[in-house]
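Next comes coords-v7.txt, a file with compact mmCIF, C-alpha atoms.
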```txt
# COMPACT_ATOMS: atom_id res chain seq x y z
CA MET A 216 -1.01 28.19 30.06
CA THR A 217 -2.58 30.89 27.99
CA TRP A 218 -6.35 30.85 28.13
CA LEU A 219 -7.13 32.52 24.82
CA GLY A 220 -10.10 31.29 22.88
CA ALA A 221 -7.94 30.23 19.94
CA ASP A 222 -6.02 27.91 22.25
CA VAL A 223 -9.05 25.64 22.55
CA ASP A 224 -8.81 24.93 18.82
CA ARG A 225 -5.05 24.43 18.94
CA LEU A 226 -5.44 22.12 21.92
CA HIS A 227 -7.98 20.11 19.92
CA SER A 228 -5.48 19.65 17.07
CA PHE A 229 -2.80 18.79 19.62
CA GLY A 230 -5.11 16.09 21.04
CA LEU A 231 -5.83 14.67 17.59
CA ALA A 232 -2.10 14.36 16.82
CA LEU A 233 -1.50 12.57 20.13
CA GLU A 234 -4.48 10.32 19.49
CA ARG A 235 -3.06 9.20 16.13
CA LEU A 236 0.30 8.47 17.77
CA HIS A 237 -1.49 6.58 20.53
CA ASP A 238 -3.59 4.49 18.10
CA GLU A 239 -0.51 3.52 16.09
CA LEU A 240 1.37 2.51 19.24
CA VAL A 241 -1.36 0.24 20.64
CA PRO A 242 -0.83 -2.76 18.26
CA LEU A 243 2.98 -2.40 18.59
CA SER A 244 3.12 -2.29 22.39
CA SER A 245 3.71 -6.05 22.75
CA VAL A 246 6.79 -5.91 20.47
CA ASP A 247 9.12 -4.42 23.05
CA PRO A 248 8.82 -3.21 26.66
CA ARG A 249 10.15 0.21 25.57
CA VAL A 250 7.26 0.61 23.15
CA ALA A 251 4.86 -0.35 25.95
CA ARG A 252 6.39 2.33 28.15
CA ALA A 253 6.14 4.88 25.34
CA LEU A 254 2.46 3.99 24.93
CA HIS A 255 1.88 4.50 28.65
CA LEU A 256 3.44 8.01 28.47
CA VAL A 257 1.40 8.99 25.41
CA ASP A 258 -1.75 7.57 27.01
CA THR A 259 -1.20 9.70 30.14
CA ASP A 260 -0.53 12.83 28.07
CA LEU A 261 -3.55 12.23 25.88
CA ASP A 262 -5.68 12.05 29.02
CA ARG A 263 -4.19 15.35 30.25
CA VAL A 264 -4.81 17.08 26.93
CA ARG A 265 -8.40 15.79 26.73
CA ARG A 266 -9.15 16.93 30.30
CA THR A 267 -7.67 20.37 29.70
CA TRP A 268 -9.52 20.73 26.42
CA HIS A 269 -12.75 19.81 28.20
CA GLN A 270 -12.10 22.35 30.98
CA LEU A 271 -11.24 25.12 28.52
CA SER A 272 -14.18 24.57 26.24
CA TYR A 273 -16.61 24.00 29.11
CA GLY A 274 -15.54 27.24 30.77
CA ARG A 275 -15.86 29.10 27.47
CA MET A 276 -19.38 27.84 26.83
CA ALA A 277 -20.46 28.40 30.44
CA ALA A 278 -19.22 32.01 30.20
CA VAL A 279 -21.38 32.56 27.11
CA GLU A 280 -24.37 31.12 28.97
CA PHE A 281 -23.62 33.22 32.06
CA ASP A 282 -23.19 36.46 30.11
CA ALA A 283 -26.52 35.90 28.37
CA TRP A 284 -28.19 35.56 31.78
CA GLY A 285 -26.28 38.54 33.20
CA ALA A 286 -27.05 40.84 30.26
CA ASP A 287 -30.47 41.85 31.60
CA GLY A 288 -29.62 43.56 34.88
CA ALA A 289 -33.19 44.19 35.98
CA ALA A 290 -34.17 40.56 35.41
CA TRP A 291 -31.34 38.83 37.27
CA TRP A 292 -31.46 41.38 40.09
CA THR A 293 -35.12 40.43 40.65
CA GLU A 294 -34.43 36.70 40.30
CA ARG A 295 -31.84 36.93 43.04
CA PHE A 296 -34.49 38.09 45.56
CA VAL A 297 -37.37 35.84 44.57
CA ALA A 298 -35.53 32.54 44.12
CA SER A 299 -33.56 30.71 46.79
CA SER A 300 -31.15 29.52 44.09
CA THR A 301 -30.56 31.40 40.83
CA THR A 302 -29.43 30.47 37.33
CA ALA A 303 -26.05 31.91 38.31
CA ASP A 304 -25.79 29.42 41.19
CA SER A 305 -26.47 26.59 38.80
CA ILE A 306 -23.94 27.71 36.15
CA LEU A 307 -21.19 28.41 38.66
CA ARG A 308 -21.72 25.05 40.35
CA ARG A 309 -21.38 23.26 37.00
CA VAL A 310 -18.24 25.24 36.17
CA ILE A 311 -16.67 24.18 39.47
CA ASP A 312 -17.78 20.55 39.06
CA ASN A 313 -16.07 20.50 35.64
CA SER A 314 -12.88 22.18 36.94
CA ALA A 315 -13.46 24.90 34.35
CA GLU A 316 -12.95 27.92 36.64
CA GLN A 317 -9.79 29.20 34.93
CA SER A 318 -11.21 29.67 31.44
CA PHE A 319 -14.58 30.78 32.86
CA ALA A 320 -12.80 33.50 34.89
CA ASP A 321 -11.16 34.85 31.74
CA ARG A 322 -14.20 34.70 29.50
CA ILE A 323 -17.08 36.08 31.55
CA ARG A 324 -17.90 39.74 31.23
CA ALA A 325 -21.00 39.89 33.48
CA ASP A 326 -18.86 40.31 36.60
CA VAL A 327 -21.49 42.30 38.48
CA ALA A 328 -24.01 39.53 37.89
CA LEU A 329 -21.51 37.01 39.23
CA LEU A 330 -20.89 39.07 42.37
CA HIS A 331 -24.52 39.91 43.11
CA GLY A 332 -26.55 37.28 41.27
CA VAL A 333 -25.22 34.15 42.98
CA SER A 334 -27.17 33.34 46.18
CA ASP A 335 -24.32 31.53 47.93
CA PHE A 336 -21.56 34.12 48.17
CA ALA A 337 -19.10 31.65 49.75
CA VAL A 338 -18.93 29.93 46.35
CA VAL A 339 -18.20 33.25 44.60
CA ALA A 340 -15.53 34.16 47.16
CA ASP A 341 -13.86 30.77 46.74
CA PHE A 342 -14.02 31.11 42.95
CA TRP A 343 -12.38 34.56 42.92
CA THR A 344 -9.69 33.81 45.50
CA ARG A 345 -8.65 30.74 43.52
CA ALA A 346 -8.78 32.66 40.22
CA THR A 347 -6.31 35.20 41.65
CA ASP A 348 -4.20 32.96 43.90
CA PRO A 349 -0.58 34.18 43.56
CA ASN A 350 0.68 30.66 44.19
CA THR A 351 -1.02 29.18 41.13
CA VAL A 352 -2.06 31.99 38.76
CA PRO A 353 0.57 33.81 36.63
CA VAL A 354 1.11 37.51 37.41
CA ASP A 355 -0.32 38.88 34.13
CA ILE A 356 -3.41 36.69 34.22
CA ALA A 357 -4.18 37.52 37.87
CA GLY A 358 -3.66 41.20 37.02
CA ALA A 359 -6.12 41.15 34.14
CA ARG A 360 -8.73 39.43 36.29
CA ILE A 361 -8.30 41.74 39.28
CA ARG A 362 -8.42 44.88 37.12
CA ARG A 363 -11.70 43.66 35.65
CA LEU A 364 -13.09 42.79 39.09
CA LEU A 365 -12.27 46.24 40.48
CA ASP A 366 -13.79 47.97 37.45
CA ALA A 367 -17.01 46.02 37.87
CA ILE A 368 -17.29 46.80 41.57
CA VAL A 369 -16.43 50.49 41.27
CA ILE A 370 -18.80 51.07 38.34
CA HIS A 371 -21.64 49.19 40.02
CA ARG A 372 -21.22 51.09 43.30
CA ALA A 373 -21.18 54.41 41.46
CA ASP A 374 -24.43 53.83 39.59
CA ARG A 375 -27.16 51.41 40.67
CA SER A 376 -29.98 53.23 38.98
CA ILE A 377 -31.19 50.19 37.02
CA PHE A 378 -31.25 47.99 40.11
CA THR A 379 -34.45 48.53 42.09
CA THR A 380 -34.42 47.00 45.55
CA LEU A 381 -37.56 46.57 47.62
CA ALA A 382 -37.31 47.77 51.23
CA GLY A 383 -37.54 44.21 52.50
CA HIS A 384 -34.38 43.24 50.63
CA GLN A 385 -32.25 46.24 51.51
CA ALA A 386 -30.51 44.40 54.36
CA ALA A 387 -29.53 41.57 51.99
CA VAL A 388 -28.03 44.06 49.52
CA GLU A 389 -26.03 45.73 52.29
CA GLN A 390 -24.81 42.35 53.54
CA ARG A 391 -23.68 41.45 50.01
CA ASP A 392 -21.73 44.72 49.80
CA ARG A 393 -19.96 43.83 53.05
CA ASP A 394 -19.23 40.34 51.67
CA ILE A 395 -17.73 41.92 48.54
CA ASP A 396 -15.54 44.15 50.75
CA GLN A 397 -14.22 41.00 52.43
CA LEU A 398 -13.59 39.44 49.03
CA LEU A 399 -11.67 42.52 47.89
CA ALA A 400 -9.50 42.24 51.00
CA LEU A 401 -8.70 38.60 50.21
CA VAL A 402 -7.98 39.27 46.54
CA ILE A 403 -5.98 42.50 46.84
CA ALA A 404 -3.81 41.79 49.90
CA PRO A 405 -1.43 39.31 48.23
CA TRP A 406 -0.97 41.68 45.26
CA SER A 407 -0.61 45.05 47.03
CA LEU A 408 2.88 45.67 45.57
CA HIS A 409 1.34 45.53 42.08
CA PHE A 410 -0.61 48.68 42.87
CA THR A 411 2.63 50.65 43.39
CA ALA A 412 6.17 49.81 42.29
CA LEU A 413 5.28 46.61 40.44
CA ALA A 414 2.28 48.18 38.63
CA HIS A 415 4.11 47.80 35.29
CA GLU A 416 3.72 44.00 35.59
CA TRP A 417 -0.03 44.56 35.32
CA ASP A 418 0.28 47.05 32.46
CA TRP A 419 -0.78 49.82 34.80
CA THR A 420 0.93 53.17 35.02
CA PRO A 421 2.07 53.82 38.61
CA GLN A 422 -0.52 56.60 38.83
CA GLU A 423 -3.33 54.23 37.88
CA GLY A 424 -2.15 51.63 40.39
CA LEU A 425 -1.84 54.18 43.17
CA HIS A 426 -5.24 55.65 42.38
CA ARG A 427 -6.79 52.18 42.57
CA LEU A 428 -4.96 51.41 45.82
CA HIS A 429 -6.26 54.60 47.47
CA GLU A 430 -9.74 53.77 46.22
CA MET A 431 -9.58 50.30 47.78
CA LEU A 432 -7.90 51.34 51.03
CA ALA A 433 -10.91 53.52 51.78
CA ILE A 434 -12.54 50.19 52.71
CA PRO A 435 -11.27 49.47 56.26
CA VAL A 436 -11.19 45.69 55.92
CA VAL A 437 -9.06 46.04 52.76
CA ALA A 438 -6.59 48.37 54.53
CA SER A 439 -6.20 45.84 57.37
CA ALA A 440 -5.68 42.95 54.96
CA VAL A 441 -3.18 44.85 52.80
CA ALA A 442 -1.12 45.78 55.87
CA ALA A 443 -1.23 42.27 57.30
CA GLY A 444 -0.37 40.67 53.96
CA LEU A 445 2.59 42.90 53.12
CA PRO A 446 5.35 40.66 54.56
CA ALA A 447 4.07 37.70 52.51
CA ALA A 448 3.81 39.91 49.40
CA VAL A 449 7.42 41.07 49.86
CA ASP A 450 8.62 37.52 50.38
CA ARG A 451 6.85 36.37 47.20
CA ALA A 452 8.11 39.31 45.14
CA LEU A 453 11.69 38.49 46.12
CA THR A 454 11.46 34.80 45.27
CA ASP A 455 13.20 33.73 42.04
CA LEU A 456 15.24 36.90 41.62
CA PRO A 457 16.98 37.65 38.27
CA ALA A 458 20.40 36.08 37.78
CA ASP A 459 21.83 39.39 36.59
CA GLU A 460 23.19 41.40 39.52
CA PHE A 461 21.89 44.78 38.35
CA ALA A 462 18.44 43.41 37.53
CA ARG A 463 18.40 41.80 40.96
CA ARG A 464 19.25 45.06 42.66
CA ARG A 465 16.58 46.85 40.71
CA ARG A 466 14.02 44.26 41.77
CA VAL A 467 14.96 44.64 45.46
CA ASP A 468 14.75 48.45 45.12
CA GLU A 469 11.36 48.22 43.40
CA VAL A 470 9.95 45.92 46.05
CA ALA A 471 11.37 48.09 48.84
CA ALA A 472 9.85 51.21 47.32
CA GLY A 473 6.57 49.41 46.72
CA SER A 474 6.37 48.29 50.33
CA GLY A 475 7.14 51.82 51.52
CA ALA A 476 4.49 53.29 49.23
CA THR A 477 1.94 50.68 50.34
CA ILE A 478 2.61 51.39 54.01
CA ASP A 479 2.29 55.13 53.40
CA ALA A 480 -0.99 54.64 51.58
CA VAL A 481 -2.36 52.41 54.35
CA GLY A 482 -1.18 54.92 56.95
CA ALA A 483 -2.85 57.81 55.15
CA ALA A 484 -6.09 55.85 54.81
CA VAL A 485 -6.15 54.93 58.50
CA LEU A 486 -5.22 58.44 59.67
CA GLY A 487 -8.17 59.79 57.79
CA ARG A 488 -10.51 57.56 59.78
CA SER A 489 -9.08 57.79 63.32
CA THR A 490 -10.42 60.40 65.71
CA THR A 491 -7.75 61.02 68.37
CA PRO A 492 -3.94 61.05 68.11
CA LEU A 493 -3.72 57.94 70.29
CA ASP A 494 -6.32 56.18 68.15
CA ARG A 495 -4.27 57.01 65.09
CA LEU A 496 -1.05 55.64 66.53
CA ASP A 497 -2.74 52.55 67.91
CA ASP A 498 -4.63 51.90 64.68
CA LEU A 499 -1.50 52.27 62.62
CA VAL A 500 0.73 50.15 64.82
CA GLY A 501 -1.96 47.48 64.97
CA LEU A 502 -2.36 47.46 61.20
CA VAL A 503 1.06 47.94 59.73
CA PRO A 504 3.72 45.32 60.33
CA TRP A 505 6.48 47.88 60.19
CA GLY A 506 6.54 51.14 62.09
CA SER A 507 8.84 53.35 60.03
CA TRP A 508 5.89 54.99 58.30
CA VAL A 509 5.44 56.86 61.57
CA SER A 510 8.34 59.06 60.49
CA GLY A 511 6.58 60.48 57.50
CA VAL A 512 2.95 60.06 58.33
CA ALA A 513 2.45 60.74 62.02
CA ALA A 514 5.28 62.72 63.55
CA GLY A 515 7.40 64.23 60.81
CA THR A 516 10.53 62.62 62.22
CA THR A 517 12.18 59.21 62.22
CA ALA A 518 10.61 56.23 63.91
CA ALA A 519 13.54 55.94 66.30
CA THR A 520 13.12 59.45 67.65
CA ILE A 521 9.36 59.50 67.90
CA VAL A 522 9.55 57.75 71.26
CA ASN A 523 11.66 60.60 72.64
CA ARG A 524 9.32 63.19 71.22
CA LEU A 525 6.47 61.47 72.99
CA ASP A 526 8.18 61.78 76.39
CA HIS A 527 5.65 64.34 77.50
CA ARG A 528 2.77 62.09 76.54
CA THR A 529 1.10 59.31 78.48
CA ARG A 530 2.55 55.90 79.11
CA ASP A 531 0.02 54.38 76.73
CA GLU A 532 1.11 56.64 73.91
CA ARG A 533 4.79 55.84 74.52
CA SER A 534 3.97 52.15 74.61
CA VAL A 535 2.21 52.37 71.25
CA ALA A 536 5.10 54.25 69.67
CA GLY A 537 7.56 51.78 71.17
CA ARG A 538 5.77 48.89 69.54
CA ALA A 539 5.96 50.72 66.23
CA VAL A 540 9.73 50.98 66.50
CA ALA A 541 10.05 47.36 67.61
CA GLN A 542 8.17 46.25 64.50
CA ARG A 543 10.25 48.41 62.22
CA SER A 544 12.56 45.70 61.03
CA THR A 545 9.93 43.07 60.17
CA LEU A 546 9.80 43.74 56.43
CA ALA A 547 13.56 44.19 56.14
CA THR A 548 14.03 40.81 57.83
CA VAL A 549 11.50 39.18 55.49
CA ALA A 550 13.26 40.71 52.48
CA MET A 551 16.74 39.68 53.64
CA THR A 552 15.57 36.12 54.28
CA ALA A 553 13.99 35.93 50.82
CA VAL A 554 17.16 37.24 49.14
CA ALA A 555 19.33 34.80 51.14
CA ASN A 556 17.06 31.88 50.24
CA ASP A 557 17.18 32.87 46.58
CA ALA A 558 20.99 33.12 46.66
CA VAL A 559 21.28 29.62 48.08
CA LYS A 560 18.64 28.22 45.71
CA HIS A 561 20.33 29.65 42.61
CA GLY A 562 23.87 28.88 43.70
CA ARG A 563 25.15 32.47 43.89
CA ILE A 564 27.89 31.24 46.15
CA GLY A 565 31.06 32.56 44.47
CA THR A 566 34.26 30.62 44.10
CA SER A 567 35.44 30.39 47.67
CA ALA A 568 33.95 30.22 51.11
CA ARG A 569 35.22 33.73 51.89
CA GLN A 570 33.71 35.16 48.71
CA VAL A 571 30.43 33.45 49.48
CA ASN A 572 30.18 35.22 52.77
CA ASN A 573 31.32 38.61 51.49
CA ASP A 574 29.09 38.65 48.42
CA LEU A 575 26.03 37.45 50.22
CA ALA A 576 26.65 39.71 53.20
CA HIS A 577 26.97 42.70 50.87
CA GLU A 578 23.74 41.81 49.04
CA LEU A 579 21.86 41.30 52.30
CA ASP A 580 23.17 44.55 53.73
CA ARG A 581 22.11 46.38 50.60
CA THR A 582 18.64 44.83 50.90
CA ARG A 583 18.39 45.96 54.52
CA VAL A 584 19.38 49.50 53.57
CA ALA A 585 16.86 49.51 50.69
CA PHE A 586 14.07 48.50 53.04
CA ASP A 587 15.23 50.84 55.82
CA SER A 588 14.90 53.74 53.43
CA ALA A 589 11.72 52.37 51.89
CA ALA A 590 9.46 54.69 53.89
CA ASP A 591 11.18 57.72 52.35
CA ARG A 592 11.11 56.18 48.88
CA GLY A 593 7.49 55.16 49.33
CA GLY A 594 6.61 58.63 50.60
CA SER A 595 8.20 60.25 47.55
CA PHE A 596 6.41 57.79 45.32
CA VAL A 597 3.03 58.54 46.89
CA GLN A 598 3.55 62.31 47.09
CA SER A 599 4.53 62.46 43.43
CA GLY A 600 1.45 60.46 42.48
CA GLY A 601 3.65 57.62 41.26
CA THR A 602 5.73 59.76 38.92
CA SER A 603 9.01 59.89 40.86
CA PRO A 604 11.76 57.46 39.88
CA LEU A 605 12.10 54.65 42.38
CA MET B 166 6.39 -4.58 13.01
CA LEU B 167 9.74 -2.91 12.49
CA ALA B 168 8.48 -1.14 9.37
CA ARG B 169 5.34 0.07 11.19
CA LEU B 170 7.40 1.35 14.10
CA ALA B 171 9.82 3.12 11.74
CA ALA B 172 6.88 4.71 9.90
CA LEU B 173 5.41 5.88 13.20
CA ILE B 174 8.73 7.49 14.15
CA ALA B 175 8.87 9.19 10.76
CA HIS B 176 5.28 10.53 10.69
CA GLU B 177 3.05 10.49 13.78
CA LEU B 178 5.76 11.27 16.32
CA PRO B 179 7.08 14.46 14.60
CA THR B 180 3.50 15.69 14.08
CA ALA B 181 2.70 15.31 17.79
CA ARG B 182 6.00 16.94 18.77
CA ARG B 183 5.34 19.88 16.47
CA TRP B 184 2.10 20.60 18.35
CA SER B 185 3.79 20.50 21.75
CA GLY B 186 6.74 22.61 20.58
CA PRO B 187 7.30 26.19 21.80
CA ASP B 188 6.30 27.72 18.45
CA THR B 189 2.80 26.28 18.66
CA TRP B 190 1.91 26.02 22.30
CA ARG B 191 3.31 27.16 25.59
CA GLY B 192 2.58 26.50 29.23
CA PRO B 193 2.97 23.70 31.77
CA LEU B 194 0.83 21.22 29.84
CA ALA B 195 2.81 21.64 26.60
CA ASP B 196 6.10 21.50 28.54
CA GLN B 197 5.05 18.26 30.21
CA VAL B 198 3.92 16.66 26.95
CA ASP B 199 7.03 17.90 25.13
CA ASP B 200 9.27 16.35 27.80
CA ASP B 201 7.32 13.11 27.63
CA LEU B 202 7.48 12.96 23.82
CA HIS B 203 11.23 13.50 24.04
CA VAL B 204 11.42 10.38 26.22
CA VAL B 205 9.00 8.55 23.89
CA ALA B 206 11.29 9.32 20.93
CA HIS B 207 14.30 7.86 22.76
CA LEU B 208 12.38 4.75 23.75
CA LEU B 209 11.13 4.16 20.21
CA TYR B 210 14.54 4.76 18.60
CA ASP B 211 16.08 2.31 21.08
CA ALA B 212 13.36 -0.23 20.35
CA VAL B 213 13.91 0.11 16.60
CA ASP B 214 17.67 -0.31 17.02
CA GLU B 215 17.11 -3.39 19.11
CA LEU B 216 14.67 -4.86 16.57
CA ARG B 217 17.12 -4.17 13.73
CA ARG B 218 19.91 -5.90 15.65
CA LEU B 219 17.66 -8.89 16.24
CA GLU B 220 16.68 -8.97 12.58
CA LEU B 221 20.34 -8.84 11.57
CA THR B 222 21.13 -11.67 13.95
CA LEU B 223 18.30 -13.71 12.52
CA ASP B 224 19.60 -13.04 8.96
CA ILE B 225 23.03 -14.30 9.93
CA ASP B 226 21.86 -17.23 12.01
CA PRO B 227 18.34 -18.31 11.08
CA ARG B 228 18.24 -20.67 14.12
```
How would this structure read if it were set down as structure tokens?
Amino acid sequence: MTWLGADVDRLHSFGLALERLHDELVPLSSVDPRVARALHLVDTDLDRVRRTWHQLSYGRMAAVEFDAWGADGAAWWTERFVASSTTADSILRRVIDNSAEQSFADRIRADVALLHGVSDFAVVADFWTRATDPNTVPVDIAGARIRRLLDAIVIHRADRSIFTTLAGHQAAVEQRDRDIDQLLALVIAPWSLHFTALAHEWDWTPQEGLHRLHEMLAIPVVASAVAAGLPAAVDRALTDLPADEFARRRRVDEVAAGSGATIDAVGAAVLGRSTTPLDRLDDLVGLVPWGSWVSGVAAGTTAATIVNRLDHRTRDERSVAGRAVAQRSTLATVAMTAVANDAVKHGRIGTSARQVNNDLAHELDRTRVAFDSAADRGGSFVQSGGTSPL
Amino acid sequence: MLARLAALIAHELPTARRWSGPDTWRGPLADQVDDDLHVVAHLLYDAVDELRRLELTLDIDPR
């Protein structure tokens, strides 16, 4: 569904046409059981169209109301600290009660007021995670919303000069910033590949995506969530692959490169924060589900040989590096499983049992190789600032 | 009844289908309604055929 303003009017006309059909069918429904069944179908659809129209128009009007409240930054910032429940709480609650979150999410522009002006942040977090849920929200729509969310947060954090906070409320402001960090982690983690190799699906240049990823990974809780969510992101990105063989290969290569670049970026962010070499290794292994980044980021050699190079180090250090190597194949396994599932689902099974096995085996092997070399591809991608071909 | 049903098939049904068609609207809701209206069209055409057959039978044998 597109959530453009004009669609509300088109949906209204759509509803009127269905209503006329419905009204004409009512007196005829006793003529024949087929007509009665047709009336039942039209009745159900009319109800769907009316409900959707209500949700769209309610969200649109609520966004206008919210933006008017959020336009005066000094006023709503004060209201937040003097009232136990703000106007923003009331509007957002009504939006949720009317199932109007989707159109509201697309229409509001006072994002900072939504993040900081609502007293109950759990409601805001739930609203944003549902508005960007990769299982229900289309890629382009989620991308537009997340880009807007990041802009609002970055701009607000860079300049708070119009927001005056009394000393007694400083702790509440800091708590809200930590809550927003947690929200960013929840929202970004499922979409981390769209900050690198899949940035074009969000109309971002790779440089823009990478810049935004680095910006967000500076927040430790975001780095942890991005690393932990990478296998699920890879699995999702390799679901419903193109039917065309070359397009399919390109998709696998893109996702492999994106995962490598994401791991490199997470690694670089964590390295910058850790104090000792052992901390760095332990932090990285704990965070990243796949240890091959160690080759480029930590030791300048391949993950398989880092254990040998650590022979002169302590048992703890060798144990950490060993875990990194053991986890190396996690993403490749996830990717191969996703490709195999897709092949079965879309019937890419060839014309004979032998061909089935050979074709699929070749495709899976190619996927494994793509992900095995993903750290190098990701490293090149990051080092070139997103300009190198994937 | 038959004339009203035939008129409905000729006017209201195509209008509703035009709104749910891909040139006007897209998305899961339109797809669902479009599929349903396709079924509705079949049901109504079948009903009209049946009514016409009955009418013909009645013309031949008024009993």
Compile the contact shell of stretch 199-209 of chain B as a list of chain:residue names: residues with an atom at most 8 Å away, counting only C-alpha atoms, same-chain residues fewer than 4 positions apart removed.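 So the residues in contact are A:Arg249, A:Val250, A:Arg252, A:Ala253, A:Leu256, A:Val257, A:Asp260, B:Leu170, B:Ile174, B:Leu178, B:Arg182, B:Ser185, B:Gly186, B:Ala195, B:Val213.
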Taking all atoms listed in the file into account, report as a ChimeraX atom specification which residues of chain A lie within 12 Å of chain B. /A:216-219,221-268,351-353
Please produce a file of the residues just selected, as a JSON list (two decimals), keeping the file's coordinate frame, where the atoms kept are C-alpha atoms.
```json
[["chain", "number", "residue", "atom", "x", "y", "z"],
["A", 216, "MET", "CA", -1.01, 28.19, 30.06],
["A", 217, "THR", "CA", -2.58, 30.89, 27.99],
["A", 218, "TRP", "CA", -6.35, 30.85, 28.13],
["A", 219, "LEU", "CA", -7.13, 32.52, 24.82],
["A", 221, "ALA", "CA", -7.94, 30.23, 19.94],
["A", 222, "ASP", "CA", -6.02, 27.91, 22.25],
["A", 223, "VAL", "CA", -9.05, 25.64, 22.55],
["A", 224, "ASP", "CA", -8.81, 24.93, 18.82],
["A", 225, "ARG", "CA", -5.05, 24.43, 18.94],
["A", 226, "LEU", "CA", -5.44, 22.12, 21.92],
["A", 227, "HIS", "CA", -7.98, 20.11, 19.92],
["A", 228, "SER", "CA", -5.48, 19.65, 17.07],
["A", 229, "PHE", "CA", -2.80, 18.79, 19.62],
["A", 230, "GLY", "CA", -5.11, 16.09, 21.04],
["A", 231, "LEU", "CA", -5.83, 14.67, 17.59],
["A", 232, "ALA", "CA", -2.10, 14.36, 16.82],
["A", 233, "LEU", "CA", -1.50, 12.57, 20.13],
["A", 234, "GLU", "CA", -4.48, 10.32, 19.49],
["A", 235, "ARG", "CA", -3.06, 9.20, 16.13],
["A", 236, "LEU", "CA", 0.30, 8.47, 17.77],
["A", 237, "HIS", "CA", -1.49, 6.58, 20.53],
["A", 238, "ASP", "CA", -3.59, 4.49, 18.10],
["A", 239, "GLU", "CA", -0.51, 3.52, 16.09],
["A", 240, "LEU", "CA", 1.37, 2.51, 19.24],
["A", 241, "VAL", "CA", -1.36, 0.24, 20.64],
["A", 242, "PRO", "CA", -0.83, -2.76, 18.26],
["A", 243, "LEU", "CA", 2.98, -2.40, 18.59],
["A", 244, "SER", "CA", 3.12, -2.29, 22.39],
["A", 245, "SER", "CA", 3.71, -6.05, 22.75],
["A", 246, "VAL", "CA", 6.79, -5.91, 20.47],
["A", 247, "ASP", "CA", 9.12, -4.42, 23.05],
["A", 248, "PRO", "CA", 8.82, -3.21, 26.66],
["A", 249, "ARG", "CA", 10.15, 0.21, 25.57],
["A", 250, "VAL", "CA", 7.26, 0.61, 23.15],
["A", 251, "ALA", "CA", 4.86, -0.35, 25.95],
["A", 252, "ARG", "CA", 6.39, 2.33, 28.15],
["A", 253, "ALA", "CA", 6.14, 4.88, 25.34],
["A", 254, "LEU", "CA", 2.46, 3.99, 24.93],
["A", 255, "HIS", "CA", 1.88, 4.50, 28.65],
["A", 256, "LEU", "CA", 3.44, 8.01, 28.47],
["A", 257, "VAL", "CA", 1.40, 8.99, 25.41],
["A", 258, "ASP", "CA", -1.75, 7.57, 27.01],
["A", 259, "THR", "CA", -1.20, 9.70, 30.14],
["A", 260, "ASP", "CA", -0.53, 12.83, 28.07],
["A", 261, "LEU", "CA", -3.55, 12.23, 25.88],
["A", 262, "ASP", "CA", -5.68, 12.05, 29.02],
["A", 263, "ARG", "CA", -4.19, 15.35, 30.25],
["A", 264, "VAL", "CA", -4.81, 17.08, 26.93],
["A", 265, "ARG", "CA", -8.40, 15.79, 26.73],
["A", 266, "ARG", "CA", -9.15, 16.93, 30.30],
["A", 267, "THR", "CA", -7.67, 20.37, 29.70],
["A", 268, "TRP", "CA", -9.52, 20.73, 26.42],
["A", 351, "THR", "CA", -1.02, 29.18, 41.13],
["A", 352, "VAL", "CA", -2.06, 31.99, 38.76],
["A", 353, "PRO", "CA", 0.57, 33.81, 36.63]]
```
If I take atom CA of A:Ala483 and atom CA of A:His429, how far is one from the other in Å, to one decimal? 9.0 Å
Would you pick out the contacts of stretch 389-402 of chain A at 10 Å or less, using all atoms listed in the file, so that residues sharing its chain but fewer than 5 positions from it are not included, and give the list as number ranges by chain? A: 330-331, 334, 336-337, 339-341, 343-349, 357, 361, 364-365, 368, 372, 384, 407, 431-432, 434-441, 444
Straight-line distance linking atom CA of A:Ile323 with atom CA of A:Val279, stated in Å to one decimal: 7.1 Å
Point-to-point distance in Å for atom CA of A:Phe586 and atom CA of A:Ala547: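 Spanning atom CA of A:Ala547 to atom CA of A:Phe586 is a straight-line distance of 5.3 Å.
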What would stretch 219-223 of chain B look like if you wrote it out as a PDB file, in the first residue's frame, with N, CA, C and O atoms included, from the block I just posted?
```pdb
ATOM      1  N   LEU B 219     -33.754 -20.441 -16.793  1.00  0.00           N
ATOM      2  CA  LEU B 219     -35.044 -20.646 -16.129  1.00  0.00           C
ATOM      3  C   LEU B 219     -36.158 -19.913 -16.880  1.00  0.00           C
ATOM      4  O   LEU B 219     -37.244 -20.448 -17.097  1.00  0.00           O
ATOM      5  N   GLU B 220     -35.837 -18.682 -17.280  1.00  0.00           N
ATOM      6  CA  GLU B 220     -36.823 -17.863 -17.994  1.00  0.00           C
ATOM      7  C   GLU B 220     -37.220 -18.538 -19.312  1.00  0.00           C
ATOM      8  O   GLU B 220     -38.384 -18.595 -19.674  1.00  0.00           O
ATOM      9  N   LEU B 221     -36.183 -19.070 -19.994  1.00  0.00           N
ATOM     10  CA  LEU B 221     -36.416 -19.758 -21.263  1.00  0.00           C
ATOM     11  C   LEU B 221     -37.308 -20.973 -21.041  1.00  0.00           C
ATOM     12  O   LEU B 221     -38.255 -21.223 -21.789  1.00  0.00           O
ATOM     13  N   THR B 222     -36.996 -21.719 -19.967  1.00  0.00           N
ATOM     14  CA  THR B 222     -37.783 -22.898 -19.655  1.00  0.00           C
ATOM     15  C   THR B 222     -39.235 -22.512 -19.387  1.00  0.00           C
ATOM     16  O   THR B 222     -40.172 -23.164 -19.835  1.00  0.00           O
ATOM     17  N   LEU B 223     -39.383 -21.422 -18.652  1.00  0.00           N
ATOM     18  CA  LEU B 223     -40.744 -20.970 -18.337  1.00  0.00           C
ATOM     19  C   LEU B 223     -41.485 -20.541 -19.604  1.00  0.00           C
ATOM     20  O   LEU B 223     -42.685 -20.767 -19.739  1.00  0.00           O
TER      21      LEU B 223
END
```
